[in-house]
Structures are given as structure tokens and as C-alpha cells.
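Undergrad: This one is final-v1.txt, compact mmCIF, C-alpha atoms.
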```txt
# COMPACT_ATOMS: atom_id res chain seq x y z
CA MET E 194 -21.19 -39.71 19.92
CA GLN E 195 -20.97 -43.14 18.26
CA ALA E 196 -20.36 -46.55 19.88
CA ARG E 197 -19.98 -50.04 18.47
CA ILE E 198 -20.86 -52.98 20.70
CA LEU E 199 -19.30 -56.22 19.44
CA TYR E 200 -20.44 -59.40 21.09
CA ALA E 201 -20.02 -63.17 20.97
CA THR E 202 -22.65 -65.38 22.54
CA LEU E 203 -23.47 -69.04 22.66
CA THR E 204 -26.22 -69.09 25.27
CA GLY E 205 -27.58 -65.56 24.88
CA ASN E 206 -25.99 -64.36 28.12
CA ASN E 207 -23.55 -62.03 26.39
CA GLU E 208 -26.26 -60.58 24.20
CA ASP E 209 -28.03 -59.71 27.46
CA VAL E 210 -24.79 -58.10 28.69
CA ALA E 211 -24.50 -56.14 25.43
CA ASP E 212 -28.13 -55.01 25.62
CA ILE E 213 -27.66 -53.58 29.13
CA ILE E 214 -24.59 -51.64 27.99
CA ILE E 215 -26.44 -50.40 24.91
CA ASP E 216 -29.42 -49.30 26.99
CA GLU E 217 -27.19 -47.24 29.27
CA LEU E 218 -25.24 -45.74 26.36
CA ASN E 219 -28.51 -44.81 24.66
CA ASN E 220 -29.70 -43.20 27.91
CA ALA E 221 -26.55 -41.05 27.75
CA GLY E 222 -27.37 -39.99 24.18
CA VAL E 223 -24.81 -42.24 22.50
CA GLU E 224 -25.80 -43.72 19.15
CA THR E 225 -24.94 -47.42 19.26
CA THR E 226 -24.49 -50.21 16.78
CA LYS E 227 -24.71 -53.82 17.98
CA GLU E 228 -22.78 -56.38 15.95
CA GLU E 229 -21.74 -59.99 16.31
CA ILE E 230 -17.97 -59.88 16.73
CA MET E 231 -17.41 -62.64 14.16
CA ASN E 232 -18.76 -60.27 11.49
CA VAL E 233 -16.39 -57.42 12.36
CA ASP E 234 -12.92 -56.93 10.89
CA ALA E 235 -10.78 -55.26 13.57
CA LEU E 236 -8.71 -53.56 10.87
CA GLU E 237 -11.77 -51.80 9.47
CA ILE E 238 -12.80 -50.05 12.69
CA ASN E 239 -12.45 -46.36 12.00
CA PRO E 240 -11.67 -44.12 15.00
CA VAL E 241 -12.96 -41.11 13.03
CA GLU E 242 -16.42 -42.71 12.86
CA THR E 243 -16.43 -44.47 16.25
CA ASP E 244 -15.83 -42.90 19.65
CA ILE E 245 -16.32 -45.99 21.81
CA VAL E 246 -15.86 -49.68 21.03
CA VAL E 247 -16.96 -52.39 23.44
CA ALA E 248 -16.16 -56.08 23.10
CA VAL E 249 -18.43 -58.49 24.97
CA VAL E 250 -16.78 -61.92 25.00
CA TYR E 251 -17.33 -65.12 26.88
CA THR E 252 -14.89 -67.58 28.37
CA PHE E 253 -15.53 -71.28 28.03
CA ASP E 254 -13.85 -74.50 28.99
CA LYS E 255 -10.59 -73.81 30.83
CA GLY E 256 -10.03 -70.17 29.95
CA SER E 257 -10.60 -70.31 26.19
CA LEU E 258 -11.76 -67.33 24.19
CA ALA E 259 -14.92 -67.84 22.16
CA ASP E 260 -14.21 -69.21 18.67
CA GLU E 261 -16.42 -66.46 17.22
CA ALA E 262 -14.03 -63.82 18.60
CA LEU E 263 -10.71 -65.40 17.58
CA ASP E 264 -10.26 -63.66 14.21
CA PHE E 265 -11.06 -60.28 15.75
CA TYR E 266 -8.73 -61.01 18.69
CA GLU E 267 -5.85 -62.05 16.45
CA ASP E 268 -6.18 -59.03 14.13
CA LEU E 269 -6.74 -56.45 16.86
CA PRO E 270 -3.06 -55.65 17.63
CA GLN E 271 -2.59 -54.51 14.00
CA ALA E 272 -5.52 -52.05 14.22
CA ASP E 273 -4.81 -48.34 14.75
CA LEU E 274 -7.49 -47.15 17.15
CA GLN E 275 -5.77 -43.95 18.33
CA GLY E 276 -8.27 -41.59 19.94
CA MET E 277 -10.91 -44.26 20.53
CA ILE E 278 -12.19 -45.37 23.95
CA TYR E 279 -12.54 -49.10 24.59
CA GLY E 280 -14.06 -51.37 27.18
CA VAL E 281 -14.46 -55.12 27.57
CA ALA E 282 -17.11 -57.10 29.40
CA GLY E 283 -18.23 -60.68 29.27
CA SER E 284 -19.52 -63.78 30.89
CA GLY E 285 -17.86 -66.77 32.43
CA ASP E 286 -18.61 -69.41 35.01
CA THR E 287 -17.12 -69.22 38.51
CA PHE E 288 -17.03 -73.02 38.44
CA TYR E 289 -13.74 -72.66 36.50
CA GLY E 290 -11.97 -70.88 39.37
CA LYS E 291 -8.83 -69.08 38.21
CA ASP E 292 -10.02 -69.32 34.60
CA TYR E 293 -13.23 -67.42 35.40
CA ALA E 294 -13.96 -64.90 32.60
CA VAL E 295 -10.28 -64.59 31.62
CA ALA E 296 -11.35 -63.79 28.04
CA VAL E 297 -12.17 -60.29 29.32
CA ASP E 298 -8.55 -59.85 30.48
CA ALA E 299 -7.13 -61.29 27.26
CA MET E 300 -9.21 -58.99 25.06
CA GLU E 301 -8.23 -55.95 27.16
CA LYS E 302 -4.56 -56.80 26.59
CA GLN E 303 -5.14 -56.90 22.84
CA PHE E 304 -6.88 -53.51 22.89
CA GLU E 305 -3.92 -52.03 24.79
CA LEU E 306 -1.81 -52.66 21.67
CA THR E 307 -4.04 -50.54 19.41
CA GLY E 308 -3.45 -47.05 20.80
CA ALA E 309 -7.04 -46.85 22.07
CA LYS E 310 -7.66 -45.56 25.60
CA HIS E 311 -9.02 -47.89 28.28
CA GLY E 312 -12.27 -46.21 29.29
CA ALA E 313 -13.66 -48.47 32.01
CA THR E 314 -12.68 -51.38 34.19
CA GLY E 315 -13.69 -54.67 32.56
CA VAL E 316 -16.82 -56.33 33.88
CA LYS E 317 -17.00 -60.08 34.44
CA VAL E 318 -20.47 -61.58 34.71
CA ASN E 319 -21.09 -64.99 36.24
CA LEU E 320 -23.25 -66.75 33.64
CA SER E 321 -26.08 -64.23 33.07
CA PRO E 322 -26.45 -60.71 34.41
CA ASP E 323 -28.24 -60.46 37.77
CA ASP E 324 -29.14 -57.15 39.45
CA GLU E 325 -25.61 -56.64 40.79
CA ALA E 326 -24.03 -57.32 37.40
CA GLU E 327 -26.53 -55.00 35.71
CA ALA E 328 -25.55 -52.17 38.07
CA GLU E 329 -21.86 -52.84 37.29
CA LEU E 330 -22.55 -52.84 33.55
CA ARG E 331 -24.46 -49.57 33.76
CA LYS E 332 -21.55 -47.96 35.65
CA PHE E 333 -19.17 -49.43 33.04
CA ALA E 334 -21.17 -47.74 30.26
CA LYS E 335 -21.25 -44.41 32.14
CA ASP E 336 -17.48 -44.60 32.67
CA LEU E 337 -16.97 -45.13 28.94
CA VAL E 338 -19.05 -42.06 28.13
CA ASP E 339 -17.16 -40.00 30.72
CA ALA E 340 -13.83 -41.12 29.24
CA ALA E 341 -15.00 -40.26 25.72
CA ASN E 342 -16.19 -36.82 26.84
CA ALA E 343 -12.85 -36.18 28.59
CA ARG E 344 -10.80 -36.77 25.43
```
For the file at hand, write its structure as C-alpha cells.
TA:
Amino acid sequence: MQARILYATLTGNNEDVADIIIDELNNAGVETTKEEIMNVDALEINPVETDIVVAVVYTFDKGSLADEALDFYEDLPQADLQGMIYGVAGSGDTFYGKDYAVAVDAMEKQFELTGAKHGATGVKVNLSPDDEAEAELRKFAKDLVDAANAR
């Protein structure tokens, strides 16, 4: 099984999030590729070569999506990802209240338009992953594998 983990990070927090997901996927025998999301063309993701795709995005300011993820986000609805499993995780800051980690929700909505199957509930991490967030991320990764195996 193949997975691509696409991440955007400014502080390193989301790379930590991505690494936890990758570790759990690897533990499940999934071969993973970690890529910065700004270097990935959404239209070139091939569902024949990729079983699981995970976007790890951060929210900054008052609910804004990371600049590094904007091109991917804008192109995503035109991608045909039929048969692929997707999941979204990412960091935010609870200081922003109702705008906390809303980039996760926005990216999930874009993935819904691709024909891919939602494989796990999105995970929102306050700043950097603590023990509780790590446990959530590991469950997230397991749920993605289970969804991919159930296809």
C-alpha cells in the first residue's frame, strides 16, 4: 500500500504532525512519501499509484490557509481521485477561537469534490503535538489504513 503525506509548515509543527502519521503508517506496513505541499500538483496525483493521500495544513491569522497550500487547494476540485482514501490534519492556535484550525475543514471540503473517500476524521492540533494529539494522530493513521483495506 502506498501513501503520500503532503504538508505545509512554517514553524515545524506540521512536519512533526506529518512525521507522527508517517510513523504509524509505516508501522502498518504502508510505504509513505513525505512531500511539501507547495511542490505537489493536485492534478498529477495518480489514484492507481497512491492508495492514501494526507494533507497536513496549518491555519494562521484569522482562519487563513497557508500560502504554501493555496495552489494545491485551488486545483484540488479538478483532480480525479476516485478510489483513493484521504485524510486531513493540521495545526492551529486556540487563541483564534472560532477560526481555530479551520484550514483542516476547508481542505476536507476540497477533497470531497475529487471523488476520493474520506478515510478518517480530521485532526486539529493546538500548536504542536502533545501526547493527546499524538494518540489522535496515530488513530487517524490507523483509520486511514482500515478504510484503504476496506475498499
Undergrad: Using only C-alpha atoms, which of the listed residues (E:Val297, E:Ala235, E:Ala196, E:Leu203) sits closest to E:Gly222?
TA: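 Among the listed residues, the smallest separation from E:Gly222 belongs to E:Ala196.
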Undergrad: Closest to E:Val281 among E:Glu301, E:Glu208, E:Asp323, E:Asp264, using all atoms listed in the file?
TA: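 Ranked by minimum distance to E:Val281, first place goes to E:Glu301.
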Undergrad: Residues near E:Asp292, anyone? I mean within 9 Å using only C-alpha atoms, not counting same-chain ones fewer than 6 positions away, as a PyMOL selection string.
TA: chain E and resi 252-257+285-286
Undergrad: If we count all atoms listed in the file, what is near E:Gln271 at a cut-off of 7 Å, once residues fewer than 2 positions away on the same chain are taken out, given as a PyMOL selection string?
TA: chain E and resi 236+268-269+273+307
Undergrad: Which residues, written as a count of residues only, have at least one atom at most 10 Å from E:Glu267, with all atoms listed in the file counted and residues fewer than 5 positions away on the same chain left out?
TA: 4
Undergrad: Give me, please, the distance in Å between atom CA of E:Ile245 and atom CA of E:Thr287, quoted to one decimal.
TA: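 It comes out at 28.6 Å.
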Undergrad: Counting only C-alpha atoms, figure out which residue out of E:Met194, E:Leu274, E:Ala296, E:Val249 gets nearest to E:Asp212.
TA: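 Checking each candidate against E:Asp212, we get E:Val249 as the closest.
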Undergrad: Point out the residue among E:Thr202, E:Ser284, E:Ser321, E:Thr314 with the least atom-to-atom distance to E:Glu261, counting only C-alpha atoms.
TA: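 Nearest candidate to E:Glu261 out of E:Thr202, E:Ser284, E:Ser321, E:Thr314: E:Thr202.
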Undergrad: If we count only C-alpha atoms, what is near E:Ile198 at a cut-off of 7 Å, once residues fewer than 3 positions away on the same chain are taken out, given as a list in words?
TA: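 Result of the neighbour search: Ala211, Thr226, Lys227, Glu228, Val246, Val247 and Ala248 of chain E.
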Undergrad: Atom CA of E:Asn239 and atom CA of E:Ala343 are how many Å apart?
TA: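 Separation of atom CA of E:Asn239 and atom CA of E:Ala343: 19.5 Å.
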Undergrad: Considering all atoms listed in the file, can you say which of E:Leu320, E:Ala282, E:Ile213, E:Ala259 comes closest to E:Thr225?
TA: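 Checking each candidate against E:Thr225, we get E:Ile213 as the closest.
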Undergrad: Return the single residue from E:Tyr251, E:Gly205, E:Ala313, E:Asp298 that is closest to E:Lys335, with distances computed using all atoms listed in the file.
TA: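 That would be E:Ala313, the residue with the smallest distance to E:Lys335.
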Undergrad: Any idea what the distance is between atom CA of E:Glu229 and atom CA of E:Tyr200?
TA: 5.0 Å
Undergrad: Can stretch 280-316 of chain E be brought up to N, CA and C atoms and written out as a CSV table (one decimal), in the coordinates of the input?
TA:
```csv
chain,number,residue,atom,x,y,z
E,280,GLY,N,-13.7,-50.6,26.0
E,280,GLY,CA,-14.1,-51.4,27.2
E,280,GLY,C,-14.4,-52.8,26.8
E,281,VAL,N,-14.2,-53.7,27.8
E,281,VAL,CA,-14.5,-55.1,27.6
E,281,VAL,C,-15.3,-55.7,28.7
E,282,ALA,N,-16.3,-56.4,28.4
E,282,ALA,CA,-17.1,-57.1,29.4
E,282,ALA,C,-17.4,-58.5,28.9
E,283,GLY,N,-17.9,-59.4,29.8
E,283,GLY,CA,-18.2,-60.7,29.3
E,283,GLY,C,-18.5,-61.7,30.4
E,284,SER,N,-19.1,-62.8,29.9
E,284,SER,CA,-19.5,-63.8,30.9
E,284,SER,C,-18.5,-64.9,31.0
E,285,GLY,N,-18.6,-65.6,32.1
E,285,GLY,CA,-17.9,-66.8,32.4
E,285,GLY,C,-18.6,-67.6,33.5
E,286,ASP,N,-18.0,-68.6,34.0
E,286,ASP,CA,-18.6,-69.4,35.0
E,286,ASP,C,-17.6,-69.6,36.2
E,287,THR,N,-18.0,-69.1,37.4
E,287,THR,CA,-17.1,-69.2,38.5
E,287,THR,C,-16.7,-70.6,38.8
E,288,PHE,N,-17.4,-71.6,38.3
E,288,PHE,CA,-17.0,-73.0,38.4
E,288,PHE,C,-15.6,-73.3,38.0
E,289,TYR,N,-15.1,-72.5,37.0
E,289,TYR,CA,-13.7,-72.7,36.5
E,289,TYR,C,-12.6,-72.0,37.3
E,290,GLY,N,-13.0,-71.4,38.5
E,290,GLY,CA,-12.0,-70.9,39.4
E,290,GLY,C,-11.1,-69.8,38.8
E,291,LYS,N,-9.8,-70.1,38.7
E,291,LYS,CA,-8.8,-69.1,38.2
E,291,LYS,C,-9.0,-68.8,36.7
E,292,ASP,N,-9.7,-69.6,36.0
E,292,ASP,CA,-10.0,-69.3,34.6
E,292,ASP,C,-11.3,-68.6,34.4
E,293,TYR,N,-12.0,-68.1,35.5
E,293,TYR,CA,-13.2,-67.4,35.4
E,293,TYR,C,-13.1,-66.1,34.6
E,294,ALA,N,-13.8,-66.1,33.5
E,294,ALA,CA,-14.0,-64.9,32.6
E,294,ALA,C,-12.6,-64.3,32.2
E,295,VAL,N,-11.6,-65.1,32.0
E,295,VAL,CA,-10.3,-64.6,31.6
E,295,VAL,C,-10.3,-64.1,30.2
E,296,ALA,N,-11.3,-64.4,29.4
E,296,ALA,CA,-11.4,-63.8,28.0
E,296,ALA,C,-11.5,-62.3,28.1
E,297,VAL,N,-12.1,-61.7,29.1
E,297,VAL,CA,-12.2,-60.3,29.3
E,297,VAL,C,-10.8,-59.7,29.4
E,298,ASP,N,-9.9,-60.3,30.3
E,298,ASP,CA,-8.6,-59.8,30.5
E,298,ASP,C,-7.7,-60.0,29.2
E,299,ALA,N,-7.9,-61.1,28.5
E,299,ALA,CA,-7.1,-61.3,27.3
E,299,ALA,C,-7.5,-60.3,26.2
E,300,MET,N,-8.8,-60.0,26.1
E,300,MET,CA,-9.2,-59.0,25.1
E,300,MET,C,-8.7,-57.6,25.4
E,301,GLU,N,-8.7,-57.3,26.7
E,301,GLU,CA,-8.2,-56.0,27.2
E,301,GLU,C,-6.8,-55.8,26.8
E,302,LYS,N,-6.0,-56.9,26.9
E,302,LYS,CA,-4.6,-56.8,26.6
E,302,LYS,C,-4.4,-56.5,25.1
E,303,GLN,N,-5.2,-57.1,24.3
E,303,GLN,CA,-5.1,-56.9,22.8
E,303,GLN,C,-5.5,-55.5,22.5
E,304,PHE,N,-6.5,-54.9,23.1
E,304,PHE,CA,-6.9,-53.5,22.9
E,304,PHE,C,-5.8,-52.6,23.3
E,305,GLU,N,-5.0,-52.9,24.3
E,305,GLU,CA,-3.9,-52.0,24.8
E,305,GLU,C,-2.9,-51.8,23.7
E,306,LEU,N,-2.8,-52.7,22.8
E,306,LEU,CA,-1.8,-52.7,21.7
E,306,LEU,C,-2.3,-51.8,20.5
E,307,THR,N,-3.5,-51.3,20.6
E,307,THR,CA,-4.0,-50.5,19.4
E,307,THR,C,-3.9,-49.0,19.5
E,308,GLY,N,-3.5,-48.5,20.6
E,308,GLY,CA,-3.4,-47.0,20.8
E,308,GLY,C,-4.7,-46.5,21.3
E,309,ALA,N,-5.8,-47.3,21.5
E,309,ALA,CA,-7.0,-46.8,22.1
E,309,ALA,C,-6.9,-46.6,23.6
E,310,LYS,N,-7.7,-45.8,24.2
E,310,LYS,CA,-7.7,-45.6,25.6
E,310,LYS,C,-8.7,-46.4,26.3
E,311,HIS,N,-8.2,-47.1,27.4
E,311,HIS,CA,-9.0,-47.9,28.3
E,311,HIS,C,-10.0,-47.0,29.0
E,312,GLY,N,-11.3,-47.1,28.8
E,312,GLY,CA,-12.3,-46.2,29.3
E,312,GLY,C,-13.0,-46.7,30.5
E,313,ALA,N,-12.9,-48.0,30.8
E,313,ALA,CA,-13.7,-48.5,32.0
E,313,ALA,C,-13.1,-49.8,32.4
E,314,THR,N,-13.1,-50.1,33.7
E,314,THR,CA,-12.7,-51.4,34.2
E,314,THR,C,-13.6,-52.5,33.6
E,315,GLY,N,-12.9,-53.6,33.1
E,315,GLY,CA,-13.7,-54.7,32.6
E,315,GLY,C,-14.7,-55.3,33.6
E,316,VAL,N,-15.8,-55.7,33.0
E,316,VAL,CA,-16.8,-56.3,33.9
E,316,VAL,C,-16.9,-57.8,33.5
```
